[in-house]
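The structure under discussion appears below in the form of structure tokens.
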2 protein chains.
Amino acid sequence: MSLDNVLLMMLDQPATGYDLKSEFEAGAITFWPATPSQIYSTLDRMDERGLLESRLEASAKGPERRVYARTARGTERMREWVRSEPVLGRERLAYIAQLSGIGLLDDPRVGVDFLVQLRHWFRGRLETLAGIEAALLRGREPIEFDDASFFDWAALRMGITALDARVRCCSELLELLEEREPDPSGRGPRSSVRTADA
Amino acid sequence: MSLDNVLLMMLDQPATGYDLKSEFEAGAITFWPATPSQIYSTLDRMDERGLLESRLEASAKGPERRVYARTARGTERMREWVRSEPVLGRERLAYIAQLSGIGLLDDPRVGVDFLVQLRHWFRGRLETLAGIEAALLRGREPIEFDDASFFDWAALRMGITALDARVRCCSELLELLEEREPDPSGRGPRSSVRTADA
DNA sequence: CCACGCATGTAATAGGTTACATGATTTA
DNA sequence: TAAATCATGTAACCTATTACATGCGTGG
């Protein structure tokens with residue numbers, strides 16, 4: 001759907017499929033997942049449709065690299081998408097579905113585990129984003145942004161804020177669960193995981 | 001992918017495609033989108049695969065209704081999914097992509113508009129979830145939940161918490177933008193939208 | 001020379017989106 | 001009798017996922 005648009009945005013400078021793939025793997029694009037094969041085939045499709053153009057370049061090491069650049073049509077398409085209404089309400093938050101399904105299981109201990117894992121993951125992602133933000137802010141007054149970086153930063157802020165809230169939500173829910181289930185088994189394997197992360 | 005699992009969870013009581021569709025439309029399932037046609041075809045597929053079974057029932061009004069129920073295999077499949085590792089990092093947050101792309105446009109005013117629209121939508125969703133939470137809590141001590149409802153509530157909390165944080169993030173970003181761009185045009189159409197929602 | 005990282009993909013399958021189709025019953 | 005709502009889908013197309021394939025160059 002709009003991996004197209006995400007790639008068009010990322011191609012503000014010409015780049016190869018491998019470059020883009022690496023950006024995804026570095027965790028810089030936290031709002032959209034993509035596998036290498038999807039990236040390559042999407043780039044190919046957009047090339048055919050005239051949204052991108054490509055040329056082969058010799059590489060210092062390894063095989064030839066195909067470098068993609070936006071065409072005028074591609075740029076136009078991307079701008080239209082950015083300017084259009086915000087695309088909302090189509091998020092697939094599988095982990096929330098799983099969380100709400102834990103009540104359908106027999107073993108309530110699963111819930112503690114699950115929330116601990118969630119919180120752990122959110123914290124990791126939070127650190128990644130905080131690192132990116134620090135790099136972006138380095139040497140600038142936060143308010144003196146040129147317009148381009150301001151919205152990169154805004155997107156980061158939106159992610160960081162929500163992650164931070166989710167981490168706190170996990171902790172509050174865990175407190176409630178621990179009141180209800182004061183870990184009668186002493187310390188099982190689960191209990192040690194919990195303390196390790198708390 | 002896992003609309004299957006979401007539907008299996010919702011089918012804790014037997015229901016028709018129409019019932020499920022209505023639940024989605026009522027906004028109760030905020031973490032997963034689904035259109036009627038996708039619901040019907042997914043139910044059909046799961047029926048063929050033995051995860052669901054169905055029977056036709058006469059309806060008081062309108063045509064016959066096909067009522068679906070989980071089979072033992074369906075229940076097993078759903079439980080496995082809920083107990084498996086939390087599915088994280090596959091969210092497609094198009095609006096964040098759009099937000100970060102605003103810097104690639106010429107007109108920075110778009111950013112104000114965009115954030116106002118985002119905030120408006122988040123607030124609406126927040127109200128919906130708050131209503132569902134109020135209905136769930138009605139007449140109960142928040143801590144005396146039976147296990148099933150506790151995790152329904154936990155999922156709601158997770159959504160509400162993140163939405164609340166996002167609303168505040170929008171407001172903070174808008175403040176920064178207004179410092180930078182003190183609306184030199186007096187009040188255009190955009191300015192009135194902004195005040196209407198602020 | 002072997003393993004690893006660079007760099008590029010293909011093929012098969014599953015899943016999601018959009019637009020359209022159909023017919024019954026209730027309410028105005 | 002017309003419109004709205006109940007209730008069910010089909011067909012065509014596009015996208016995404018998974019698993020696999022290939023071949024170069026570098027360092028141990």
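Ordering of the structure tokens sets the chain letters (A, B, ...), residue numbers begin anew at 1 in every chain, and ligands are numbered from 1 in the order given.
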What's the 10 Å shell around DG9 (chain D), counting only C-alpha atoms (C1' of nucleotides), without same-chain residues fewer than 6 positions away, as a compact mmCIF listing (two decimals) with N, CA and C atoms (P, O5', C5', C4', C3', O3' and C1' of nucleotides), in the first residue's frame?
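New file around.txt:
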# COMPACT_ATOMS: atom_id res chain seq x y z
N PRO B 36 -16.10 -5.60 5.91
CA PRO B 36 -17.06 -6.71 5.82
C PRO B 36 -16.57 -7.81 4.89
N SER B 37 -16.10 -7.44 3.71
CA SER B 37 -15.76 -8.50 2.77
C SER B 37 -14.60 -9.33 3.29
N TYR B 40 -16.06 -11.72 5.98
CA TYR B 40 -16.79 -12.86 5.43
C TYR B 40 -15.86 -13.87 4.79
N SER B 41 -14.89 -13.37 4.02
CA SER B 41 -14.06 -14.35 3.33
C SER B 41 -13.11 -15.06 4.29
P DA C 21 -22.57 -4.34 -10.18
O5' DA C 21 -22.93 -5.57 -9.23
C5' DA C 21 -22.27 -6.82 -9.38
C4' DA C 21 -23.11 -7.87 -8.65
C3' DA C 21 -24.62 -7.62 -8.76
O3' DA C 21 -25.23 -8.87 -9.03
C1' DA C 21 -23.99 -7.72 -6.49
P DT C 22 -26.75 -8.92 -9.54
O5' DT C 22 -27.48 -9.55 -8.27
C5' DT C 22 -26.85 -10.56 -7.50
C4' DT C 22 -27.66 -10.76 -6.24
C3' DT C 22 -29.13 -10.37 -6.35
O3' DT C 22 -29.91 -11.53 -6.20
C1' DT C 22 -28.17 -9.60 -4.33
Chain C contacts on chain B, only C-alpha atoms (C1' of nucleotides), 12 Å, as a PyMOL selection string: chain B and resi 1-4+33-39+41-42+45+58-65
Restricted to N, CA and C atoms, what would the selected residues look like written as a CSV table (one decimal), in the first residue's frame?
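After the write, part.csv holds the following:
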chain,number,residue,atom,x,y,z
B,1,MET,N,-3.2,-12.5,7.9
B,1,MET,CA,-2.2,-13.0,8.9
B,1,MET,C,-2.9,-13.4,10.2
B,2,SER,N,-3.2,-12.4,10.9
B,2,SER,CA,-3.8,-12.7,12.2
B,2,SER,C,-5.2,-12.1,12.4
B,3,LEU,N,-5.8,-11.6,11.3
B,3,LEU,CA,-7.2,-11.4,11.5
B,3,LEU,C,-7.9,-12.7,11.9
B,4,ASP,N,-7.4,-13.8,11.4
B,4,ASP,CA,-7.8,-15.1,11.9
B,4,ASP,C,-7.9,-15.2,13.4
B,33,PRO,N,-8.1,-3.4,12.0
B,33,PRO,CA,-9.1,-3.0,11.1
B,33,PRO,C,-9.6,-4.2,10.3
B,34,ALA,N,-10.8,-4.2,9.8
B,34,ALA,CA,-11.4,-5.2,9.0
B,34,ALA,C,-12.6,-4.7,8.3
B,35,THR,N,-12.7,-5.0,7.0
B,35,THR,CA,-13.9,-4.6,6.2
B,35,THR,C,-14.8,-5.9,6.2
B,36,PRO,N,-16.1,-5.6,5.9
B,36,PRO,CA,-17.1,-6.7,5.8
B,36,PRO,C,-16.6,-7.8,4.9
B,37,SER,N,-16.1,-7.4,3.7
B,37,SER,CA,-15.8,-8.5,2.8
B,37,SER,C,-14.6,-9.3,3.3
B,38,GLN,N,-13.7,-8.7,4.0
B,38,GLN,CA,-12.6,-9.5,4.5
B,38,GLN,C,-13.0,-10.4,5.6
B,39,ILE,N,-14.0,-9.9,6.5
B,39,ILE,CA,-14.5,-10.7,7.5
B,39,ILE,C,-15.2,-12.0,7.0
B,41,SER,N,-14.9,-13.4,4.0
B,41,SER,CA,-14.1,-14.4,3.3
B,41,SER,C,-13.1,-15.1,4.3
B,42,THR,N,-12.7,-14.4,5.3
B,42,THR,CA,-11.8,-15.0,6.3
B,42,THR,C,-12.6,-16.1,7.1
B,45,ARG,N,-12.9,-19.1,4.9
B,45,ARG,CA,-11.6,-19.8,4.8
B,45,ARG,C,-11.4,-20.6,6.1
B,58,ALA,N,-32.5,-19.5,10.6
B,58,ALA,CA,-33.5,-18.6,10.1
B,58,ALA,C,-33.3,-17.3,11.0
B,59,SER,N,-33.6,-16.2,10.3
B,59,SER,CA,-33.5,-14.9,11.0
B,59,SER,C,-34.9,-14.3,11.1
B,60,ALA,N,-35.1,-13.6,12.2
B,60,ALA,CA,-36.4,-12.9,12.4
B,60,ALA,C,-36.7,-11.9,11.2
B,61,LYS,N,-35.6,-11.2,10.8
B,61,LYS,CA,-35.7,-10.2,9.8
B,61,LYS,C,-34.5,-10.4,8.8
B,62,GLY,N,-34.8,-10.4,7.5
B,62,GLY,CA,-33.8,-10.6,6.5
B,62,GLY,C,-33.5,-12.0,6.2
B,63,PRO,N,-32.5,-12.2,5.4
B,63,PRO,CA,-32.1,-13.6,5.0
B,63,PRO,C,-31.6,-14.5,6.1
B,64,GLU,N,-31.3,-15.7,5.7
B,64,GLU,CA,-30.7,-16.6,6.7
B,64,GLU,C,-29.4,-16.1,7.2
B,65,ARG,N,-29.0,-16.5,8.4
B,65,ARG,CA,-27.8,-16.0,9.0
B,65,ARG,C,-26.9,-17.3,9.2
Enumerate, in order of chain and increasing residue number, the residues of chain B with an atom no farther than 8 Å from chain A, each with its shortest atom pair and distance in Å to one decimal, counting only C-alpha atoms, as JSON lines.
{"residue": "B:Ser2", "atom": "CA", "partner": "A:Ala94", "partner_atom": "CA", "distance": 7.7}
{"residue": "B:Val6", "atom": "CA", "partner": "A:Ala97", "partner_atom": "CA", "distance": 6.7}
{"residue": "B:Met9", "atom": "CA", "partner": "A:Gly101", "partner_atom": "CA", "distance": 6.6}
{"residue": "B:Thr30", "atom": "CA", "partner": "A:Gly89", "partner_atom": "CA", "distance": 7.5}
{"residue": "B:Phe31", "atom": "CA", "partner": "A:Leu93", "partner_atom": "CA", "distance": 5.0}
{"residue": "B:Trp32", "atom": "CA", "partner": "A:Arg92", "partner_atom": "CA", "distance": 4.7}
{"residue": "B:Pro33", "atom": "CA", "partner": "A:Arg90", "partner_atom": "CA", "distance": 5.5}
{"residue": "B:Arg79", "atom": "CA", "partner": "A:Leu105", "partner_atom": "CA", "distance": 6.8}
{"residue": "B:Trp81", "atom": "CA", "partner": "A:Gln98", "partner_atom": "CA", "distance": 7.4}
{"residue": "B:Val82", "atom": "CA", "partner": "A:Gln98", "partner_atom": "CA", "distance": 4.8}
{"residue": "B:Arg83", "atom": "CA", "partner": "A:Val110", "partner_atom": "CA", "distance": 7.1}
{"residue": "B:Glu85", "atom": "CA", "partner": "A:Phe114", "partner_atom": "CA", "distance": 7.6}
{"residue": "B:Pro86", "atom": "CA", "partner": "A:Tyr95", "partner_atom": "CA", "distance": 5.3}
{"residue": "B:Val87", "atom": "CA", "partner": "A:Tyr95", "partner_atom": "CA", "distance": 5.3}
{"residue": "B:Leu88", "atom": "CA", "partner": "A:Tyr95", "partner_atom": "CA", "distance": 6.4}
{"residue": "B:Gly89", "atom": "CA", "partner": "A:Pro33", "partner_atom": "CA", "distance": 7.1}
{"residue": "B:Arg90", "atom": "CA", "partner": "A:Pro33", "partner_atom": "CA", "distance": 5.5}
{"residue": "B:Glu91", "atom": "CA", "partner": "A:Arg92", "partner_atom": "CA", "distance": 6.0}
{"residue": "B:Arg92", "atom": "CA", "partner": "A:Trp32", "partner_atom": "CA", "distance": 4.7}
{"residue": "B:Leu93", "atom": "CA", "partner": "A:Phe31", "partner_atom": "CA", "distance": 5.0}
{"residue": "B:Ala94", "atom": "CA", "partner": "A:Val87", "partner_atom": "CA", "distance": 5.8}
{"residue": "B:Tyr95", "atom": "CA", "partner": "A:Pro86", "partner_atom": "CA", "distance": 5.3}
{"residue": "B:Ile96", "atom": "CA", "partner": "A:Ala155", "partner_atom": "CA", "distance": 5.6}
{"residue": "B:Ala97", "atom": "CA", "partner": "A:Val6", "partner_atom": "CA", "distance": 6.6}
{"residue": "B:Gln98", "atom": "CA", "partner": "A:Val82", "partner_atom": "CA", "distance": 4.8}
{"residue": "B:Leu99", "atom": "CA", "partner": "A:Ala155", "partner_atom": "CA", "distance": 6.0}
{"residue": "B:Ser100", "atom": "CA", "partner": "A:Asp152", "partner_atom": "CA", "distance": 4.6}
{"residue": "B:Gly101", "atom": "CA", "partner": "A:Val82", "partner_atom": "CA", "distance": 6.1}
{"residue": "B:Ile102", "atom": "CA", "partner": "A:Phe151", "partner_atom": "CA", "distance": 6.2}
{"residue": "B:Gly103", "atom": "CA", "partner": "A:Ala148", "partner_atom": "CA", "distance": 3.6}
{"residue": "B:Leu104", "atom": "CA", "partner": "A:Ala148", "partner_atom": "CA", "distance": 6.0}
{"residue": "B:Leu105", "atom": "CA", "partner": "A:Arg79", "partner_atom": "CA", "distance": 6.7}
{"residue": "B:Pro108", "atom": "CA", "partner": "A:Asp147", "partner_atom": "CA", "distance": 7.0}
{"residue": "B:Val110", "atom": "CA", "partner": "A:Arg83", "partner_atom": "CA", "distance": 7.1}
{"residue": "B:Phe114", "atom": "CA", "partner": "A:Pro86", "partner_atom": "CA", "distance": 7.0}
{"residue": "B:Gln117", "atom": "CA", "partner": "A:Pro86", "partner_atom": "CA", "distance": 7.4}
{"residue": "B:Leu118", "atom": "CA", "partner": "A:Pro86", "partner_atom": "CA", "distance": 6.9}
{"residue": "B:Trp121", "atom": "CA", "partner": "A:Leu88", "partner_atom": "CA", "distance": 7.9}
{"residue": "B:Ile143", "atom": "CA", "partner": "A:Leu176", "partner_atom": "CA", "distance": 7.3}
{"residue": "B:Asp147", "atom": "CA", "partner": "A:Gly103", "partner_atom": "CA", "distance": 5.5}
{"residue": "B:Ala148", "atom": "CA", "partner": "A:Gly103", "partner_atom": "CA", "distance": 3.6}
{"residue": "B:Ser149", "atom": "CA", "partner": "A:Gly103", "partner_atom": "CA", "distance": 6.6}
{"residue": "B:Phe150", "atom": "CA", "partner": "A:Gly103", "partner_atom": "CA", "distance": 7.0}
{"residue": "B:Phe151", "atom": "CA", "partner": "A:Ser100", "partner_atom": "CA", "distance": 4.8}
{"residue": "B:Asp152", "atom": "CA", "partner": "A:Ser100", "partner_atom": "CA", "distance": 4.6}
{"residue": "B:Trp153", "atom": "CA", "partner": "A:Ser100", "partner_atom": "CA", "distance": 7.5}
{"residue": "B:Ala154", "atom": "CA", "partner": "A:Ser100", "partner_atom": "CA", "distance": 6.9}
{"residue": "B:Ala155", "atom": "CA", "partner": "A:Ser100", "partner_atom": "CA", "distance": 5.3}
{"residue": "B:Arg157", "atom": "CA", "partner": "A:Cys169", "partner_atom": "CA", "distance": 7.3}
{"residue": "B:Met158", "atom": "CA", "partner": "A:Cys169", "partner_atom": "CA", "distance": 6.2}
{"residue": "B:Thr161", "atom": "CA", "partner": "A:Ala165", "partner_atom": "CA", "distance": 6.0}
{"residue": "B:Ala162", "atom": "CA", "partner": "A:Ala162", "partner_atom": "CA", "distance": 4.9}
{"residue": "B:Leu163", "atom": "CA", "partner": "A:Ala162", "partner_atom": "CA", "distance": 7.5}
{"residue": "B:Ala165", "atom": "CA", "partner": "A:Ala162", "partner_atom": "CA", "distance": 5.7}
{"residue": "B:Arg166", "atom": "CA", "partner": "A:Ala162", "partner_atom": "CA", "distance": 6.1}
{"residue": "B:Cys169", "atom": "CA", "partner": "A:Met158", "partner_atom": "CA", "distance": 6.2}
{"residue": "B:Cys170", "atom": "CA", "partner": "A:Met158", "partner_atom": "CA", "distance": 7.8}
{"residue": "B:Leu173", "atom": "CA", "partner": "A:Ala154", "partner_atom": "CA", "distance": 7.0}
{"residue": "B:Leu176", "atom": "CA", "partner": "A:Ile143", "partner_atom": "CA", "distance": 7.3}
{"residue": "B:Arg180", "atom": "CA", "partner": "A:Ile143", "partner_atom": "CA", "distance": 7.9}
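Interatomic distance, CA of Ala72 (chain A) to CA of Leu136 (chain A): 28.3 Å.
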Give the residues of chain D that lie within 7 Å of chain A; count only C-alpha atoms (C1' of nucleotides), and format the answer as number ranges by chain. D: 15, 24-25
The selected residues should be written to file as a PDB file, in the first residue's frame (atoms: N, CA and C atoms (P, O5', C5', C4', C3', O3' and C1' of nucleotides)).
ATOM      1  P    DT D  15      -0.125  -2.043  -4.942  1.00  0.00           P
ATOM      2  O5'  DT D  15       0.011  -2.530  -3.417  1.00  0.00           O
ATOM      3  C5'  DT D  15      -0.848  -3.467  -2.928  1.00  0.00           C
ATOM      4  C4'  DT D  15      -0.379  -4.101  -1.644  1.00  0.00           C
ATOM      5  C3'  DT D  15       1.086  -4.019  -1.264  1.00  0.00           C
ATOM      6  O3'  DT D  15       1.096  -3.811   0.145  1.00  0.00           O
ATOM      7  C1'  DT D  15       0.446  -6.290  -1.512  1.00  0.00           C
ATOM      8  P    DC D  24      30.846 -14.529  -9.704  1.00  0.00           P
ATOM      9  O5'  DC D  24      31.470 -13.256  -8.979  1.00  0.00           O
ATOM     10  C5'  DC D  24      30.924 -11.957  -9.213  1.00  0.00           C
ATOM     11  C4'  DC D  24      31.295 -11.081  -8.037  1.00  0.00           C
ATOM     12  C3'  DC D  24      32.777 -11.136  -7.673  1.00  0.00           C
ATOM     13  O3'  DC D  24      33.332  -9.843  -7.825  1.00  0.00           O
ATOM     14  C1'  DC D  24      31.403 -11.432  -5.738  1.00  0.00           C
ATOM     15  P    DG D  25      34.916  -9.583  -7.760  1.00  0.00           P
ATOM     16  O5'  DG D  25      35.185  -9.357  -6.209  1.00  0.00           O
ATOM     17  C5'  DG D  25      34.616  -8.227  -5.564  1.00  0.00           C
ATOM     18  C4'  DG D  25      34.940  -8.263  -4.098  1.00  0.00           C
ATOM     19  C3'  DG D  25      36.436  -8.410  -3.778  1.00  0.00           C
ATOM     20  O3'  DG D  25      36.750  -7.367  -2.852  1.00  0.00           O
ATOM     21  C1'  DG D  25      35.164 -10.045  -2.605  1.00  0.00           C
TER      22       DG D  25
END
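Relative to CA of Ala28 (chain B), CA of Gly131 (chain B) is found at 10.0 Å.
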Would you mind writing down, as a ChimeraX atom specification, each residue of region 8-195 of chain B that DSSP on the backbone assigns to helix (DSSP H, G or I)? /B:8-10,17-25,36-48,72-83,94-104,109-137,147-180,189-195
Neighbour list for Leu51 (chain B) as a VMD selection string, cut-off 9 Å, only C-alpha atoms (C1' of nucleotides), skip fewer than 2 positions in-chain: chain B and resid 8 45 to 49 53 69 to 77
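Running DSSP on the backbone gives strand (DSSP E or B) for these residues within chain B: B:Ala15, B:Thr16, B:Leu52, B:Glu53, B:Ser54, B:Arg55, B:Leu56, B:Glu57, B:Arg65, B:Arg66, B:Val67, B:Tyr68, B:Ala69, B:Arg70.
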Any chance you can output those residues with N, CA and C atoms as a PDB file, in the first residue's frame?
ATOM      1  N   ALA B  15     -21.234 -16.466  16.662  1.00  0.00           N
ATOM      2  CA  ALA B  15     -21.720 -15.216  16.089  1.00  0.00           C
ATOM      3  C   ALA B  15     -21.715 -15.307  14.565  1.00  0.00           C
ATOM      4  N   THR B  16     -22.406 -14.393  13.935  1.00  0.00           N
ATOM      5  CA  THR B  16     -22.431 -14.343  12.473  1.00  0.00           C
ATOM      6  C   THR B  16     -21.402 -13.319  11.988  1.00  0.00           C
ATOM      7  N   LEU B  52     -13.228 -23.238  12.283  1.00  0.00           N
ATOM      8  CA  LEU B  52     -14.584 -22.844  12.668  1.00  0.00           C
ATOM      9  C   LEU B  52     -15.553 -23.875  12.106  1.00  0.00           C
ATOM     10  N   GLU B  53     -16.746 -23.897  12.700  1.00  0.00           N
ATOM     11  CA  GLU B  53     -17.837 -24.632  12.063  1.00  0.00           C
ATOM     12  C   GLU B  53     -19.015 -23.684  11.991  1.00  0.00           C
ATOM     13  N   SER B  54     -19.923 -23.945  11.042  1.00  0.00           N
ATOM     14  CA  SER B  54     -21.018 -23.001  10.862  1.00  0.00           C
ATOM     15  C   SER B  54     -22.311 -23.749  10.591  1.00  0.00           C
ATOM     16  N   ARG B  55     -23.400 -23.103  10.953  1.00  0.00           N
ATOM     17  CA  ARG B  55     -24.720 -23.625  10.590  1.00  0.00           C
ATOM     18  C   ARG B  55     -25.591 -22.447  10.179  1.00  0.00           C
ATOM     19  N   LEU B  56     -26.569 -22.734   9.311  1.00  0.00           N
ATOM     20  CA  LEU B  56     -27.494 -21.685   8.887  1.00  0.00           C
ATOM     21  C   LEU B  56     -28.648 -21.613   9.871  1.00  0.00           C
ATOM     22  N   GLU B  57     -29.064 -20.403  10.155  1.00  0.00           N
ATOM     23  CA  GLU B  57     -30.196 -20.213  11.058  1.00  0.00           C
ATOM     24  C   GLU B  57     -31.173 -19.258  10.416  1.00  0.00           C
ATOM     25  N   ARG B  65     -29.049 -16.453   8.436  1.00  0.00           N
ATOM     26  CA  ARG B  65     -27.774 -16.041   9.004  1.00  0.00           C
ATOM     27  C   ARG B  65     -26.883 -17.259   9.157  1.00  0.00           C
ATOM     28  N   ARG B  66     -25.614 -17.082   8.827  1.00  0.00           N
ATOM     29  CA  ARG B  66     -24.680 -18.182   9.055  1.00  0.00           C
ATOM     30  C   ARG B  66     -23.956 -17.933  10.368  1.00  0.00           C
ATOM     31  N   VAL B  67     -24.163 -18.840  11.316  1.00  0.00           N
ATOM     32  CA  VAL B  67     -23.587 -18.678  12.645  1.00  0.00           C
ATOM     33  C   VAL B  67     -22.314 -19.508  12.754  1.00  0.00           C
ATOM     34  N   TYR B  68     -21.238 -18.843  13.135  1.00  0.00           N
ATOM     35  CA  TYR B  68     -19.940 -19.514  13.250  1.00  0.00           C
ATOM     36  C   TYR B  68     -19.600 -19.779  14.703  1.00  0.00           C
ATOM     37  N   ALA B  69     -18.936 -20.894  14.932  1.00  0.00           N
ATOM     38  CA  ALA B  69     -18.425 -21.208  16.269  1.00  0.00           C
ATOM     39  C   ALA B  69     -17.040 -21.816  16.122  1.00  0.00           C
ATOM     40  N   ARG B  70     -16.213 -21.585  17.121  1.00  0.00           N
ATOM     41  CA  ARG B  70     -14.868 -22.187  17.103  1.00  0.00           C
ATOM     42  C   ARG B  70     -14.962 -23.690  17.251  1.00  0.00           C
TER      43      ARG B  70
END
